[in-house]
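Enquirer: Contents of my_file-v8.pdb (PDB, C-alpha atoms) are given next:
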```pdb
ATOM      1  CA  HIS A 775      54.976 -46.576 -60.621
ATOM      2  CA  LEU A 776      51.769 -48.214 -59.487
ATOM      3  CA  PRO A 777      49.251 -50.303 -61.437
ATOM      4  CA  PRO A 778      45.885 -48.635 -62.173
ATOM      5  CA  ALA A 779      44.193 -51.033 -59.750
ATOM      6  CA  ALA A 780      46.194 -49.539 -56.858
ATOM      7  CA  PHE A 781      44.983 -46.034 -57.673
ATOM      8  CA  VAL A 782      41.370 -47.205 -57.991
ATOM      9  CA  ARG A 783      41.576 -49.040 -54.661
ATOM     10  CA  CYS A 784      43.001 -45.932 -53.002
ATOM     11  CA  TYR A 785      40.246 -43.712 -54.415
ATOM     12  CA  LEU A 786      37.424 -46.066 -53.461
ATOM     13  CA  ASP A 787      38.704 -46.896 -49.968
ATOM     14  CA  THR A 788      39.460 -43.253 -49.185
ATOM     15  CA  GLY A 789      36.044 -42.139 -50.415
ATOM     16  CA  ARG A 790      34.331 -44.785 -48.292
ATOM     17  CA  VAL A 791      36.277 -43.930 -45.135
ATOM     18  CA  LEU A 792      35.801 -40.167 -45.555
ATOM     19  CA  LEU A 793      32.085 -40.631 -46.177
ATOM     20  CA  LEU A 794      31.710 -42.690 -42.997
ATOM     21  CA  THR A 795      33.884 -40.466 -40.778
ATOM     22  CA  VAL A 796      33.684 -36.902 -42.084
ATOM     23  CA  GLY A 797      30.141 -37.483 -43.300
ATOM     24  CA  ALA A 798      29.058 -38.566 -39.828
ATOM     25  CA  LEU A 799      30.928 -35.696 -38.158
ATOM     26  CA  SER A 800      29.229 -33.172 -40.442
ATOM     27  CA  LEU A 801      25.934 -34.018 -38.749
ATOM     28  CA  VAL A 802      27.229 -32.558 -35.476
ATOM     29  CA  SER A 803      29.562 -29.929 -36.966
ATOM     30  CA  TYR A 804      27.282 -26.913 -36.538
ATOM     31  CA  PRO A 805      26.598 -27.331 -32.802
ATOM     32  CA  ALA A 806      30.290 -28.210 -32.285
ATOM     33  CA  VAL A 807      31.629 -25.048 -33.906
ATOM     34  CA  LYS A 808      29.044 -22.901 -32.117
ATOM     35  CA  MET A 809      30.025 -24.497 -28.802
ATOM     36  CA  VAL A 810      33.702 -23.484 -29.162
ATOM     37  CA  GLY A 811      32.763 -19.952 -30.217
ATOM     38  CA  ILE A 812      33.314 -19.919 -33.972
ATOM     39  CA  ARG A 813      31.408 -17.008 -35.559
ATOM     40  CA  THR A 814      29.166 -17.388 -38.597
ATOM     41  CA  GLY A 815      27.860 -13.852 -39.167
ATOM     42  CA  LEU A 816      29.199 -10.465 -40.182
ATOM     43  CA  PRO A 817      31.634  -8.778 -40.016
ATOM     44  CA  LEU A 818      34.154 -10.922 -41.850
ATOM     45  CA  PRO A 819      37.643 -11.162 -40.294
ATOM     46  CA  SER A 820      40.485  -8.949 -41.475
ATOM     47  CA  ALA A 821      43.419 -10.380 -43.416
ATOM     48  CA  GLY A 822      45.699  -9.798 -40.421
ATOM     49  CA  GLU A 823      43.374 -11.686 -38.087
ATOM     50  CA  VAL A 824      43.140 -14.610 -40.496
ATOM     51  CA  ALA A 825      46.938 -14.755 -40.945
ATOM     52  CA  ALA A 826      47.586 -14.688 -37.190
ATOM     53  CA  GLN A 827      45.018 -17.413 -36.528
ATOM     54  CA  MET A 828      46.408 -19.569 -39.349
ATOM     55  CA  LEU A 829      49.879 -19.366 -37.833
ATOM     56  CA  VAL A 830      48.544 -20.435 -34.426
ATOM     57  CA  TYR A 831      46.596 -23.309 -35.969
ATOM     58  CA  LEU A 832      49.628 -24.519 -37.933
ATOM     59  CA  LEU A 833      51.858 -24.496 -34.847
ATOM     60  CA  VAL A 834      49.294 -26.186 -32.580
ATOM     61  CA  GLU A 835      48.381 -28.835 -35.165
ATOM     62  CA  ASP A 836      52.002 -29.538 -36.027
ATOM     63  CA  TYR A 837      53.062 -30.017 -32.396
ATOM     64  CA  LEU A 838      50.115 -32.202 -31.388
ATOM     65  CA  GLY A 839      50.229 -34.049 -34.704
ATOM     66  CA  TYR A 840      53.901 -34.857 -34.175
ATOM     67  CA  TRP A 841      53.212 -36.658 -30.881
ATOM     68  CA  ILE A 842      50.095 -38.418 -32.133
ATOM     69  CA  HIS A 843      52.079 -39.611 -35.157
ATOM     70  CA  ARG A 844      54.781 -40.971 -32.860
ATOM     71  CA  LEU A 845      52.123 -42.808 -30.832
ATOM     72  CA  LEU A 846      50.748 -44.293 -34.055
ATOM     73  CA  HIS A 847      54.227 -45.721 -34.663
ATOM     74  CA  THR A 848      54.216 -47.695 -31.437
ATOM     75  CA  ARG A 849      53.735 -51.418 -32.005
ATOM     76  CA  TRP A 850      50.010 -51.436 -31.155
ATOM     77  CA  GLY A 851      49.224 -48.152 -32.907
ATOM     78  CA  TYR A 852      50.976 -49.187 -36.095
ATOM     79  CA  ASP A 853      49.683 -52.761 -36.287
ATOM     80  CA  ASN A 854      46.064 -51.840 -35.569
ATOM     81  CA  ILE A 855      45.671 -48.399 -37.162
ATOM     82  CA  HIS A 856      48.567 -46.654 -38.897
ATOM     83  CA  ARG A 857      49.760 -49.521 -41.110
ATOM     84  CA  VAL A 858      46.906 -48.773 -43.550
ATOM     85  CA  HIS A 859      48.351 -45.359 -44.379
ATOM     86  CA  HIS A 860      51.801 -46.900 -44.876
ATOM     87  CA  GLU A 861      50.628 -49.356 -47.530
ATOM     88  CA  PHE A 862      52.023 -46.841 -50.020
ATOM     89  CA  THR A 863      55.792 -46.691 -49.485
ATOM     90  CA  ALA A 864      56.046 -44.090 -52.266
ATOM     91  CA  PRO A 865      52.846 -42.104 -51.792
ATOM     92  CA  PHE A 866      51.030 -39.889 -54.277
ATOM     93  CA  GLY A 867      48.829 -36.890 -53.541
ATOM     94  CA  TYR A 868      45.535 -38.708 -53.103
ATOM     95  CA  ALA A 869      47.150 -41.139 -50.669
ATOM     96  CA  ALA A 870      47.327 -38.318 -48.107
ATOM     97  CA  PRO A 871      43.855 -39.082 -46.647
ATOM     98  CA  TYR A 872      44.185 -42.833 -47.278
ATOM     99  CA  ALA A 873      44.042 -44.226 -43.743
ATOM    100  CA  HIS A 874      42.169 -46.325 -41.208
ATOM    101  CA  TRP A 875      38.888 -44.729 -40.147
ATOM    102  CA  ALA A 876      40.193 -44.380 -36.586
ATOM    103  CA  GLU A 877      43.244 -42.468 -37.811
ATOM    104  CA  VAL A 878      41.053 -40.017 -39.727
ATOM    105  CA  LEU A 879      39.173 -39.278 -36.502
ATOM    106  CA  ILE A 880      42.315 -39.177 -34.323
ATOM    107  CA  LEU A 881      44.151 -36.741 -36.610
ATOM    108  CA  GLY A 882      41.080 -34.522 -36.662
ATOM    109  CA  VAL A 883      41.759 -33.700 -33.003
ATOM    110  CA  PRO A 884      44.983 -31.649 -33.501
ATOM    111  CA  ALA A 885      43.468 -30.006 -36.588
ATOM    112  CA  PHE A 886      40.459 -28.779 -34.591
ATOM    113  CA  THR A 887      42.348 -27.952 -31.368
ATOM    114  CA  GLY A 888      43.706 -24.651 -32.701
ATOM    115  CA  PRO A 889      40.285 -23.272 -33.692
ATOM    116  CA  ALA A 890      38.911 -24.499 -30.356
ATOM    117  CA  ILE A 891      41.636 -22.602 -28.434
ATOM    118  CA  VAL A 892      41.511 -19.477 -30.624
ATOM    119  CA  PRO A 893      37.983 -19.264 -32.107
ATOM    120  CA  CYS A 894      37.692 -17.755 -35.547
ATOM    121  CA  HIS A 895      35.119 -16.956 -38.206
ATOM    122  CA  MET A 896      33.589 -19.840 -40.171
ATOM    123  CA  THR A 897      35.293 -18.653 -43.363
ATOM    124  CA  THR A 898      38.660 -18.851 -41.583
ATOM    125  CA  LEU A 899      37.848 -22.393 -40.447
ATOM    126  CA  TRP A 900      37.063 -23.411 -44.030
ATOM    127  CA  LEU A 901      40.297 -21.788 -45.211
ATOM    128  CA  TRP A 902      42.245 -23.580 -42.460
ATOM    129  CA  PHE A 903      40.960 -27.013 -43.435
ATOM    130  CA  LEU A 904      41.566 -26.256 -47.124
ATOM    131  CA  LEU A 905      45.138 -25.174 -46.353
ATOM    132  CA  ARG A 906      45.737 -28.267 -44.209
ATOM    133  CA  HIS A 907      44.494 -30.610 -46.934
ATOM    134  CA  LEU A 908      46.601 -28.894 -49.596
ATOM    135  CA  GLU A 909      49.657 -29.220 -47.356
ATOM    136  CA  ALA A 910      48.931 -32.936 -46.811
ATOM    137  CA  ILE A 911      48.653 -33.456 -50.578
ATOM    138  CA  ASP A 912      51.931 -31.593 -51.110
ATOM    139  CA  ILE A 913      53.981 -33.688 -48.670
ATOM    140  CA  HIS A 914      52.523 -36.934 -50.071
ATOM    141  CA  SER A 915      52.908 -35.931 -53.727
ATOM    142  CA  GLY A 916      56.422 -37.300 -54.159
ATOM    143  CA  PHE A 917      57.478 -34.141 -56.007
ATOM    144  CA  ASN A 918      59.992 -31.581 -54.780
ATOM    145  CA  PHE A 919      59.672 -28.858 -57.397
ATOM    146  CA  PRO A 920      62.270 -26.050 -57.193
ATOM    147  CA  PHE A 921      59.571 -23.396 -57.771
ATOM    148  CA  ASN A 922      57.257 -24.668 -55.014
ATOM    149  CA  PRO A 923      56.357 -21.578 -52.920
ATOM    150  CA  THR A 924      56.502 -23.681 -49.736
ATOM    151  CA  LYS A 925      60.304 -23.569 -50.048
ATOM    152  CA  LEU A 926      60.060 -19.994 -48.775
ATOM    153  CA  ILE A 927      58.485 -21.171 -45.481
ATOM    154  CA  PRO A 928      61.064 -21.662 -42.693
ATOM    155  CA  PHE A 929      61.285 -25.228 -41.328
ATOM    156  CA  TYR A 930      58.765 -26.556 -43.877
ATOM    157  CA  GLY A 931      59.470 -30.256 -44.415
ATOM    158  CA  GLY A 932      57.844 -30.900 -47.761
ATOM    159  CA  ALA A 933      57.771 -34.070 -49.802
ATOM    160  CA  ASP A 934      61.415 -35.083 -49.292
ATOM    161  CA  HIS A 935      61.016 -35.024 -45.504
ATOM    162  CA  HIS A 936      57.848 -37.139 -45.540
ATOM    163  CA  ASP A 937      58.912 -39.408 -48.402
ATOM    164  CA  TYR A 938      61.696 -40.853 -46.290
ATOM    165  CA  HIS A 939      59.206 -41.613 -43.517
ATOM    166  CA  HIS A 940      57.036 -43.599 -45.952
ATOM    167  CA  ARG A 941      59.996 -45.313 -47.584
ATOM    168  CA  VAL A 942      61.139 -46.788 -44.260
ATOM    169  CA  GLY A 943      57.578 -47.801 -43.361
ATOM    170  CA  GLY A 944      56.567 -49.434 -40.101
ATOM    171  CA  GLN A 945      60.095 -49.407 -38.726
ATOM    172  CA  SER A 946      60.347 -45.631 -39.163
ATOM    173  CA  GLN A 947      61.136 -43.759 -35.982
ATOM    174  CA  SER A 948      61.917 -40.473 -37.683
ATOM    175  CA  ASN A 949      60.365 -37.615 -39.672
ATOM    176  CA  PHE A 950      57.073 -37.531 -37.799
ATOM    177  CA  SER A 951      56.378 -33.833 -38.396
ATOM    178  CA  SER A 952      53.624 -33.100 -40.859
ATOM    179  CA  VAL A 953      54.264 -29.422 -41.636
ATOM    180  CA  PHE A 954      57.396 -27.997 -39.998
ATOM    181  CA  THR A 955      60.535 -29.896 -39.038
ATOM    182  CA  PHE A 956      61.367 -28.186 -35.751
ATOM    183  CA  CYS A 957      59.789 -30.951 -33.612
ATOM    184  CA  ASP A 958      61.911 -33.545 -35.402
ATOM    185  CA  HIS A 959      64.988 -31.359 -34.863
ATOM    186  CA  LEU A 960      64.095 -30.687 -31.226
ATOM    187  CA  TYR A 961      63.413 -34.319 -30.281
ATOM    188  CA  GLY A 962      66.122 -35.927 -32.419
ATOM    189  CA  THR A 963      63.916 -37.639 -34.984
ATOM    190  CA  ASP A 964      65.000 -35.731 -38.108
ATOM    191  CA  LYS A 965      66.838 -38.150 -40.384
ATOM    192  CA  VAL A 966      65.854 -37.050 -43.874
ATOM    193  CA  ARG A 967      68.654 -34.698 -44.875
ATOM    194  CA  SER A 968      71.671 -36.917 -44.338
ATOM    195  CA  LEU A 969      70.033 -40.219 -45.250
ATOM    196  CA  LEU A 970      68.436 -38.935 -48.453
ATOM    197  CA  LEU A 971      71.797 -37.566 -49.523
ATOM    198  CA  ILE A 972      73.436 -40.964 -48.903
ATOM    199  CA  TYR A 973      70.590 -42.706 -50.790
ATOM    200  CA  TYR A 974      70.977 -40.288 -53.711
ATOM    201  CA  LEU A 975      74.755 -40.779 -53.868
ATOM    202  CA  LEU A 976      74.400 -44.564 -53.741
ATOM    203  CA  CYS A 977      71.892 -44.494 -56.602
ATOM    204  CA  LYS A 978      74.246 -42.378 -58.685
ATOM    205  CA  CYS A 979      77.100 -44.810 -58.067
ATOM    206  CA  VAL A 980      75.152 -47.961 -59.007
TER     207      VAL A 980
END
```
Would you mind writing the file out in structure tokens?
Expert:
Amino acid sequence: HLPPAAFVRCYLDTGRVLLLTVGALSLVSYPAVKMVGIRTGLPLPSAGEVAAQMLVYLLVEDYLGYWIHRLLHTRWGYDNIHRVHHEFTAPFGYAAPYAHWAEVLILGVPAFTGPAIVPCHMTTLWLWFLLRHLEAIDIHSGFNFPFNPTKLIPFYGGADHHDYHHRVGGQSQSNFSSVFTFCDHLYGTDKVRSLLLIYYLLCKCV
């Protein structure tokens, strides 16, 4: 439960940062996508091609994003950049892009690496960024609905996985994955399942 002023501040600050960062990047977006080989003409890609490229982009972004997120939780990275995003210990959907301007630019690197490695059609690139933003909103929403279709995706972390990361805050050294949880499992930083269960049981007992 947040006061209305907190929501307004989030909206205004996020809008300002996105306008300065993404707005500036849009000025060089066309030559950048042409340079890496992204197509803009006909024919449009097949559904199979789009699905395969999306899977590659998700895996590449998730792996690189995991390590960048861990770097942002070093003392210098957190104090100078990442602490802005952690101002909301119980985030809501719009808090997903709420961050320091440098973090917005830094996290754009893993998101664009996949399309740079495996060039696609412009429509696929738009769909990829739309999918990535929807996923970010989902994990920051604070809701873990039983009918959420993401529950059918293997290793998908969801809101409960990321909520714990925000709840702990700057001291968090776990749950760095943004989409899947296999990096957290592989590198021993997955703490959400057992700790959330303990937290839930404690709340029920109080």
Enquirer: Tell me, counting all atoms listed in the file, for each residue of segment 801-880 of chain A within 7 Å of segment 780-796 of chain A, which pair of atoms is nearest and how far apart they are in Å to one decimal, in rows ordered by chain and increasing number, as a Markdown table.
Expert:
```
| residue | atom | partner | partner_atom | distance |
| --- | --- | --- | --- | --- |
| A:Ala869 | CA | A:Cys784 | CA | 6.8 |
| A:Pro871 | CA | A:Thr788 | CA | 6.6 |
| A:Tyr872 | CA | A:Thr788 | CA | 5.1 |
| A:Trp875 | CA | A:Val791 | CA | 5.7 |
| A:Leu879 | CA | A:Thr795 | CA | 6.9 |
```
Enquirer: I'd like the neighbourhood of segment 929-933 of chain A as a ChimeraX atom specification, where a residue qualifies if any of its atoms comes within 12 Å (using all atoms listed in the file), though same-chain residues fewer than 3 positions away should be ignored.
Expert: /A:832-833,836,864-867,870,908-920,922-926,936-941,949-960,964-967,970
Enquirer: Would you list the contacts of Phe903 of chain A as number ranges by chain, taking every protein, DNA or RNA residue within 12 Å and counting only C-alpha atoms, but skipping same-chain residues closer than 2 positions in sequence?
Expert: A: 828, 831-832, 835, 882, 884-886, 888-889, 896-901, 905-910
Enquirer: Please report the interatomic distance between atom CA of Leu829 of chain A and atom CA of Val802 of chain A in Å with one decimal.
Expert: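 Separation between atom CA of Leu829 of chain A and atom CA of Val802 of chain A: 26.3 Å.
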Enquirer: What gap, in Å, lies between atom CA of Leu816 of chain A and atom CA of Cys894 of chain A?
Expert: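 Separation between atom CA of Leu816 of chain A and atom CA of Cys894 of chain A: 12.1 Å.
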Enquirer: What is the distance, in Å and to one decimal place, between atom CA of Pro778 of chain A and atom CA of Arg857 of chain A?
Expert: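 Those two atoms sit 21.4 Å apart.
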Enquirer: Here is a test: counting only C-alpha atoms, which residue of A:Gly962, A:Ala876, A:Ser946, A:Gly797 is nearest to His860 of chain A?
Expert: A:Ser946
Enquirer: Counting all atoms listed in the file, what is within 8 Å of Leu846 of chain A, bar same-chain residues fewer than 5 positions away, as a PDB file with C-alpha atoms, keeping the file's coordinate frame?
Expert:
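The resulting file, out30.pdb, is reproduced below:
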```pdb
ATOM      1  CA  GLY A 851      49.224 -48.152 -32.907  1.00  0.00           C
ATOM      2  CA  TYR A 852      50.976 -49.187 -36.095  1.00  0.00           C
ATOM      3  CA  ILE A 855      45.671 -48.399 -37.162  1.00  0.00           C
ATOM      4  CA  HIS A 856      48.567 -46.654 -38.897  1.00  0.00           C
TER       5      HIS A 856
END
```
Enquirer: Can you patch up segment 808-824 of chain A, filling it in to N, CA and C atoms, and show the result as a CSV table (one decimal), keeping the file's coordinate frame?
Expert:
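To be explicit, this is the file written out as part-v3.csv:
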```csv
chain,number,residue,atom,x,y,z
A,808,LYS,N,29.7,-23.9,-32.9
A,808,LYS,CA,29.0,-22.9,-32.1
A,808,LYS,C,29.5,-23.0,-30.7
A,809,MET,N,29.7,-24.3,-30.2
A,809,MET,CA,30.0,-24.5,-28.8
A,809,MET,C,31.4,-23.9,-28.5
A,810,VAL,N,32.4,-24.0,-29.4
A,810,VAL,CA,33.7,-23.5,-29.2
A,810,VAL,C,33.8,-22.0,-29.5
A,811,GLY,N,32.8,-21.4,-30.0
A,811,GLY,CA,32.8,-20.0,-30.2
A,811,GLY,C,33.1,-19.5,-31.6
A,812,ILE,N,33.0,-20.3,-32.6
A,812,ILE,CA,33.3,-19.9,-34.0
A,812,ILE,C,32.1,-19.1,-34.5
A,813,ARG,N,32.4,-17.9,-35.1
A,813,ARG,CA,31.4,-17.0,-35.6
A,813,ARG,C,31.0,-17.4,-37.0
A,814,THR,N,29.7,-17.1,-37.3
A,814,THR,CA,29.2,-17.4,-38.6
A,814,THR,C,28.6,-16.2,-39.3
A,815,GLY,N,28.5,-15.0,-38.6
A,815,GLY,CA,27.9,-13.9,-39.2
A,815,GLY,C,28.9,-12.8,-39.5
A,816,LEU,N,28.4,-11.6,-39.9
A,816,LEU,CA,29.2,-10.5,-40.2
A,816,LEU,C,29.6,-9.8,-38.9
A,817,PRO,N,30.7,-9.1,-38.9
A,817,PRO,CA,31.6,-8.8,-40.0
A,817,PRO,C,32.6,-9.9,-40.3
A,818,LEU,N,33.1,-9.9,-41.5
A,818,LEU,CA,34.2,-10.9,-41.8
A,818,LEU,C,35.5,-10.5,-41.2
A,819,PRO,N,36.4,-11.5,-40.9
A,819,PRO,CA,37.6,-11.2,-40.3
A,819,PRO,C,38.6,-10.4,-41.2
A,820,SER,N,39.5,-9.6,-40.7
A,820,SER,CA,40.5,-8.9,-41.5
A,820,SER,C,41.6,-9.9,-41.9
A,821,ALA,N,42.3,-9.5,-42.9
A,821,ALA,CA,43.4,-10.4,-43.4
A,821,ALA,C,44.5,-10.6,-42.3
A,822,GLY,N,44.7,-9.6,-41.5
A,822,GLY,CA,45.7,-9.8,-40.4
A,822,GLY,C,45.2,-10.8,-39.4
A,823,GLU,N,43.9,-10.7,-39.1
A,823,GLU,CA,43.4,-11.7,-38.1
A,823,GLU,C,43.4,-13.1,-38.6
A,824,VAL,N,43.1,-13.3,-39.9
A,824,VAL,CA,43.1,-14.6,-40.5
A,824,VAL,C,44.6,-15.2,-40.5
```
